[in-house]
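Peer 1: I'm passing along query.csv; it holds CSV, N, CA and C atoms.
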chain,number,residue,atom,x,y,z
A,1,MET,N,0.8,-1.2,0.0
A,1,MET,CA,0.0,0.0,0.0
A,1,MET,C,0.9,1.2,0.0
A,2,ALA,N,0.4,2.3,-0.7
A,2,ALA,CA,1.2,3.6,-0.7
A,2,ALA,C,0.2,4.7,-0.3
A,3,VAL,N,0.8,5.6,0.4
A,3,VAL,CA,0.1,6.8,0.9
A,3,VAL,C,0.8,8.1,0.4
A,4,GLY,N,0.0,9.0,0.0
A,4,GLY,CA,0.5,10.3,-0.5
A,4,GLY,C,-0.2,11.5,0.0
A,5,GLY,N,0.5,12.5,0.3
A,5,GLY,CA,-0.1,13.8,0.6
A,5,GLY,C,-0.1,14.7,-0.6
A,6,LEU,N,-1.2,15.2,-1.0
A,6,LEU,CA,-1.3,16.0,-2.2
A,6,LEU,C,-2.0,17.4,-1.9
A,7,VAL,N,-1.7,18.4,-2.8
A,7,VAL,CA,-2.4,19.6,-2.7
A,7,VAL,C,-2.8,19.9,-4.2
A,8,VAL,N,-4.1,20.0,-4.4
A,8,VAL,CA,-4.7,20.2,-5.7
A,8,VAL,C,-5.1,21.7,-5.8
A,9,SER,N,-4.8,22.3,-6.9
A,9,SER,CA,-5.2,23.7,-7.2
A,9,SER,C,-6.3,23.6,-8.4
A,10,PHE,N,-7.4,24.2,-8.1
A,10,PHE,CA,-8.5,24.2,-9.0
A,10,PHE,C,-8.5,25.4,-10.0
A,11,SER,N,-9.2,25.2,-11.1
A,11,SER,CA,-9.4,26.2,-12.1
A,11,SER,C,-10.3,27.3,-11.4
A,12,SER,N,-10.1,28.6,-11.9
A,12,SER,CA,-11.0,29.6,-11.4
A,12,SER,C,-12.4,29.6,-12.0
A,13,ASP,N,-12.6,28.8,-13.0
A,13,ASP,CA,-13.9,28.6,-13.6
A,13,ASP,C,-14.8,27.8,-12.7
A,14,PRO,N,-15.9,28.3,-12.2
A,14,PRO,CA,-16.7,27.6,-11.3
A,14,PRO,C,-17.2,26.2,-11.7
A,15,ALA,N,-17.6,26.1,-13.0
A,15,ALA,CA,-18.1,24.9,-13.5
A,15,ALA,C,-17.0,23.8,-13.6
A,16,LEU,N,-15.8,24.2,-14.0
A,16,LEU,CA,-14.7,23.2,-14.1
A,16,LEU,C,-14.3,22.8,-12.7
A,17,ARG,N,-14.3,23.8,-11.8
A,17,ARG,CA,-13.9,23.4,-10.4
A,17,ARG,C,-14.9,22.5,-9.8
A,18,ALA,N,-16.2,22.7,-10.0
A,18,ALA,CA,-17.2,21.9,-9.4
A,18,ALA,C,-17.1,20.4,-10.0
A,19,ALA,N,-16.8,20.3,-11.3
A,19,ALA,CA,-16.6,19.0,-11.9
A,19,ALA,C,-15.4,18.3,-11.3
A,20,ALA,N,-14.3,19.0,-11.1
A,20,ALA,CA,-13.1,18.4,-10.5
A,20,ALA,C,-13.4,18.0,-9.0
A,21,GLU,N,-14.1,18.8,-8.3
A,21,GLU,CA,-14.5,18.4,-6.9
A,21,GLU,C,-15.4,17.2,-6.9
A,22,ASP,N,-16.3,17.1,-7.8
A,22,ASP,CA,-17.1,15.9,-7.9
A,22,ASP,C,-16.3,14.7,-8.2
A,23,LEU,N,-15.3,14.8,-9.1
A,23,LEU,CA,-14.4,13.7,-9.4
A,23,LEU,C,-13.7,13.2,-8.1
A,24,ILE,N,-13.2,14.2,-7.4
A,24,ILE,CA,-12.4,13.9,-6.1
A,24,ILE,C,-13.3,13.2,-5.1
A,25,ARG,N,-14.5,13.7,-4.9
A,25,ARG,CA,-15.5,13.1,-4.0
A,25,ARG,C,-15.9,11.7,-4.3
A,26,SER,N,-15.9,11.4,-5.6
A,26,SER,CA,-16.3,10.1,-6.1
A,26,SER,C,-15.2,9.1,-6.1
A,27,GLU,N,-14.0,9.5,-5.9
A,27,GLU,CA,-12.8,8.6,-5.9
A,27,GLU,C,-12.5,8.1,-4.5
A,28,PRO,N,-12.7,6.7,-4.3
A,28,PRO,CA,-12.6,6.2,-3.0
A,28,PRO,C,-11.1,6.1,-2.5
A,29,ARG,N,-10.2,6.3,-3.4
A,29,ARG,CA,-8.8,6.3,-2.9
A,29,ARG,C,-8.3,7.7,-2.4
A,30,LEU,N,-9.2,8.7,-2.5
A,30,LEU,CA,-8.9,10.0,-2.0
A,30,LEU,C,-9.7,10.4,-0.8
A,31,GLU,N,-9.0,11.1,0.1
A,31,GLU,CA,-9.7,11.7,1.3
A,31,GLU,C,-9.4,13.2,1.2
A,32,THR,N,-10.4,14.0,1.5
A,32,THR,CA,-10.1,15.5,1.4
A,32,THR,C,-9.7,16.0,2.8
A,33,GLY,N,-8.9,17.0,2.8
A,33,GLY,CA,-8.4,17.6,4.0
A,33,GLY,C,-8.9,19.1,3.9
A,34,PRO,N,-8.1,20.0,4.6
A,34,PRO,CA,-8.5,21.4,4.6
A,34,PRO,C,-8.3,22.0,3.2
A,35,GLY,N,-9.1,23.0,3.0
A,35,GLY,CA,-8.9,23.8,1.7
A,35,GLY,C,-8.8,25.3,2.0
A,36,GLU,N,-8.2,26.0,1.1
A,36,GLU,CA,-8.1,27.4,1.2
A,36,GLU,C,-8.1,28.0,-0.2
A,37,GLY,N,-9.0,28.9,-0.5
A,37,GLY,CA,-9.1,29.5,-1.8
A,37,GLY,C,-9.3,28.4,-2.9
A,38,VAL,N,-8.4,28.3,-3.9
A,38,VAL,CA,-8.5,27.4,-4.9
A,38,VAL,C,-7.8,26.1,-4.6
A,39,ARG,N,-7.2,25.9,-3.4
A,39,ARG,CA,-6.4,24.8,-3.1
A,39,ARG,C,-7.1,23.9,-2.1
A,40,LEU,N,-6.8,22.6,-2.2
A,40,LEU,CA,-7.4,21.6,-1.3
A,40,LEU,C,-6.4,20.5,-1.1
A,41,ALA,N,-6.2,20.2,0.2
A,41,ALA,CA,-5.3,19.1,0.6
A,41,ALA,C,-6.0,17.7,0.4
A,42,LEU,N,-5.3,16.7,0.0
A,42,LEU,CA,-5.8,15.4,-0.2
A,42,LEU,C,-4.8,14.4,0.3
A,43,VAL,N,-5.4,13.2,0.7
A,43,VAL,CA,-4.6,12.1,1.0
A,43,VAL,C,-5.0,11.0,0.1
A,44,ALA,N,-4.0,10.4,-0.6
A,44,ALA,CA,-4.3,9.3,-1.6
A,44,ALA,C,-3.8,8.0,-1.0
A,45,THR,N,-4.6,7.0,-1.0
A,45,THR,CA,-4.2,5.7,-0.5
A,45,THR,C,-4.4,4.7,-1.7
A,46,THR,N,-3.3,4.1,-2.2
A,46,THR,CA,-3.4,3.2,-3.3
A,46,THR,C,-2.7,1.9,-3.0
A,47,ASP,N,-2.9,0.9,-3.7
A,47,ASP,CA,-2.3,-0.4,-3.5
A,47,ASP,C,-0.8,-0.4,-3.8
A,48,THR,N,-0.4,0.4,-4.8
A,48,THR,CA,1.0,0.5,-5.2
A,48,THR,C,1.4,1.9,-5.5
A,49,LEU,N,2.7,2.2,-5.6
A,49,LEU,CA,3.2,3.5,-5.9
A,49,LEU,C,2.8,3.8,-7.4
A,50,GLY,N,2.8,2.8,-8.3
A,50,GLY,CA,2.4,3.0,-9.7
A,50,GLY,C,1.0,3.5,-9.8
A,51,GLU,N,0.1,2.8,-9.0
A,51,GLU,CA,-1.3,3.2,-9.0
A,51,GLU,C,-1.5,4.6,-8.5
A,52,GLY,N,-0.7,5.0,-7.5
A,52,GLY,CA,-0.7,6.4,-7.0
A,52,GLY,C,-0.3,7.4,-8.1
A,53,HIS,N,0.7,7.0,-8.9
A,53,HIS,CA,1.2,7.9,-10.0
A,53,HIS,C,0.1,8.0,-11.0
A,54,ASP,N,-0.6,6.9,-11.4
A,54,ASP,CA,-1.7,7.0,-12.3
A,54,ASP,C,-2.8,7.8,-11.9
A,55,LEU,N,-3.1,7.7,-10.6
A,55,LEU,CA,-4.2,8.6,-10.0
A,55,LEU,C,-3.8,10.0,-10.1
A,56,CYS,N,-2.6,10.4,-9.8
A,56,CYS,CA,-2.2,11.8,-9.9
A,56,CYS,C,-2.3,12.3,-11.4
A,57,GLN,N,-1.9,11.4,-12.3
A,57,GLN,CA,-2.0,11.8,-13.8
A,57,GLN,C,-3.4,12.0,-14.2
A,58,ALA,N,-4.3,11.2,-13.6
A,58,ALA,CA,-5.7,11.3,-14.0
A,58,ALA,C,-6.3,12.6,-13.4
A,59,LEU,N,-5.8,13.0,-12.2
A,59,LEU,CA,-6.3,14.3,-11.6
A,59,LEU,C,-5.8,15.4,-12.5
A,60,LEU,N,-4.5,15.4,-12.9
A,60,LEU,CA,-3.9,16.5,-13.7
A,60,LEU,C,-4.5,16.6,-15.1
A,61,ALA,N,-5.1,15.5,-15.6
A,61,ALA,CA,-5.7,15.5,-16.9
A,61,ALA,C,-7.1,16.2,-16.9
A,62,HIS,N,-7.7,16.3,-15.7
A,62,HIS,CA,-9.0,16.9,-15.6
A,62,HIS,C,-8.9,18.5,-15.8
A,63,PRO,N,-9.7,19.0,-16.7
A,63,PRO,CA,-9.6,20.5,-17.0
A,63,PRO,C,-9.9,21.4,-15.8
A,64,GLY,N,-10.5,20.9,-14.7
A,64,GLY,CA,-10.8,21.7,-13.5
A,64,GLY,C,-9.6,21.7,-12.6
A,65,VAL,N,-8.5,20.9,-12.9
A,65,VAL,CA,-7.3,20.9,-12.0
A,65,VAL,C,-6.2,21.6,-12.8
A,66,VAL,N,-5.7,22.7,-12.2
A,66,VAL,CA,-4.6,23.4,-12.9
A,66,VAL,C,-3.2,23.0,-12.3
A,67,ASN,N,-3.1,22.5,-11.1
A,67,ASN,CA,-1.8,22.1,-10.6
A,67,ASN,C,-2.1,21.0,-9.5
A,68,LEU,N,-1.1,20.2,-9.4
A,68,LEU,CA,-1.1,19.1,-8.3
A,68,LEU,C,0.3,19.1,-7.7
A,69,GLU,N,0.4,19.4,-6.4
A,69,GLU,CA,1.6,19.3,-5.7
A,69,GLU,C,1.7,18.0,-4.9
A,70,VAL,N,2.8,17.3,-4.9
A,70,VAL,CA,2.9,16.1,-4.1
A,70,VAL,C,3.8,16.5,-2.9
A,71,ALA,N,3.2,16.4,-1.7
A,71,ALA,CA,3.9,16.8,-0.5
A,71,ALA,C,4.6,15.7,0.1
A,72,TYR,N,4.1,14.5,-0.1
A,72,TYR,CA,4.7,13.3,0.6
A,72,TYR,C,4.2,12.0,-0.1
A,73,VAL,N,5.1,11.1,-0.3
A,73,VAL,CA,4.7,9.8,-0.8
A,73,VAL,C,5.5,8.7,-0.1
A,74,ALA,N,4.9,7.7,0.3
A,74,ALA,CA,5.6,6.6,1.0
A,74,ALA,C,4.9,5.3,0.9
A,75,PRO,N,5.6,4.2,0.7
A,75,PRO,CA,4.9,2.9,0.8
A,75,PRO,C,4.6,2.7,2.3
A,76,GLU,N,3.4,2.1,2.5
A,76,GLU,CA,3.0,1.8,3.9
A,76,GLU,C,3.4,0.3,4.1
A,77,GLU,N,4.3,0.1,5.1
A,77,GLU,CA,4.7,-1.2,5.4
A,77,GLU,C,3.6,-2.0,6.1
A,78,PRO,N,3.4,-3.2,5.8
A,78,PRO,CA,2.4,-4.1,6.5
A,78,PRO,C,2.8,-4.2,7.9
A,79,HIS,N,1.8,-4.2,8.8
A,79,HIS,CA,2.1,-4.4,10.2
A,79,HIS,C,2.2,-5.8,10.5
A,80,GLU,N,3.2,-6.2,11.3
A,80,GLU,CA,3.3,-7.6,11.7
A,80,GLU,C,2.4,-7.8,12.9
A,81,THR,N,1.9,-9.0,12.9
A,81,THR,CA,1.1,-9.4,14.1
A,81,THR,C,1.8,-10.6,14.8
A,82,GLY,N,1.5,-10.7,16.0
A,82,GLY,CA,2.1,-11.7,16.8
A,82,GLY,C,3.3,-11.3,17.5
A,83,VAL,N,3.8,-12.1,18.4
A,83,VAL,CA,5.0,-11.9,19.2
A,83,VAL,C,6.1,-12.9,18.7
A,84,LYS,N,7.3,-12.4,18.6
A,84,LYS,CA,8.4,-13.3,18.2
A,84,LYS,C,9.2,-13.6,19.4
Produce structure tokens that represent the structure in this file.
Peer 2:
Amino acid sequence: MAVGGLVVSFSSDPALRAAAEDLIRSEPRLETGPGEGVRLALVATTDTLGEGHDLCQALLAHPGVVNLEVAYVAPEEPHETGVK
């Protein structure tokens, strides 16, 4: 599993922004954080780093998204259970 911290910047066009926000809300791999102005913090959780990259590319391809900043990316290590 991979986890990434992202900041998306939306278009100033209200219709494009609304469409991009709808896309983000419908994407189960994304959780929204605080927003300010045209920027919104996101957390992306994907099965692989490659899937995370593809998700970022899909966001950038949307006309309502003008920029995407990647603040943090890391694979999440599986937690071991049991006592050794």
Peer 1: Name the residues of region 19-78 of chain A that fall into strand (DSSP E) according to DSSP on the backbone, using the chain letters and numbers of this document, as a VMD selection string.
Peer 2: chain A and resid 30 to 36 39 to 46 65 to 75
Peer 1: If DSSP is run on the backbone, what residues of chain A are alpha helix (DSSP H)? A reply as a ChimeraX atom specification would be ideal.
Peer 2: /A:14-26,49-61
Peer 1: Using all atoms listed in the file, determine which residues lie at most 6 Å from region 24-31 of chain A, disregarding the query and same-chain residues fewer than 5 positions distant; provide the list as a PyMOL selection string.
Peer 2: chain A and resi 41-46
Peer 1: Need to verify the contact set: Ser11 (chain A), 7 Å, only C-alpha atoms, exclusion of same-chain residues closer than 2 positions in sequence. Can you return it as a list in words?
Peer 2: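 Residues near the query, excluding close chain neighbours: Ser9, Asp13, Leu16, Arg17, Gly64, Val65 and Val66 of chain A.
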Peer 1: Output N, CA and C atoms of each residue in that selection to a file, as a compact mmCIF listing (two decimals), in the frame of the given file.
Peer 2:
# COMPACT_ATOMS: atom_id res chain seq x y z
N SER A 9 -4.80 22.30 -6.90
CA SER A 9 -5.20 23.70 -7.20
C SER A 9 -6.30 23.60 -8.40
N ASP A 13 -12.60 28.80 -13.00
CA ASP A 13 -13.90 28.60 -13.60
C ASP A 13 -14.80 27.80 -12.70
N LEU A 16 -15.80 24.20 -14.00
CA LEU A 16 -14.70 23.20 -14.10
C LEU A 16 -14.30 22.80 -12.70
N ARG A 17 -14.30 23.80 -11.80
CA ARG A 17 -13.90 23.40 -10.40
C ARG A 17 -14.90 22.50 -9.80
N GLY A 64 -10.50 20.90 -14.70
CA GLY A 64 -10.80 21.70 -13.50
C GLY A 64 -9.60 21.70 -12.60
N VAL A 65 -8.50 20.90 -12.90
CA VAL A 65 -7.30 20.90 -12.00
C VAL A 65 -6.20 21.60 -12.80
N VAL A 66 -5.70 22.70 -12.20
CA VAL A 66 -4.60 23.40 -12.90
C VAL A 66 -3.20 23.00 -12.30
Peer 1: Nearest residue to Phe10 (chain A) out of A:His53, A:Thr48, A:Val73, A:Leu59, using only C-alpha atoms?
Peer 2: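 Smallest separation from Phe10 (chain A) among the options: A:Leu59.
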Peer 1: Atom C of Leu68 (chain A) and CA of Val3 (chain A), how far apart in Å?
Peer 2: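 About the pair CA of Val3 (chain A) and atom C of Leu68 (chain A): they are 15.0 Å apart.
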Peer 1: Give me, please, the distance in Å between CA of Leu49 (chain A) and CA of Gly37 (chain A), quoted to one decimal.
Peer 2: 29.1 Å
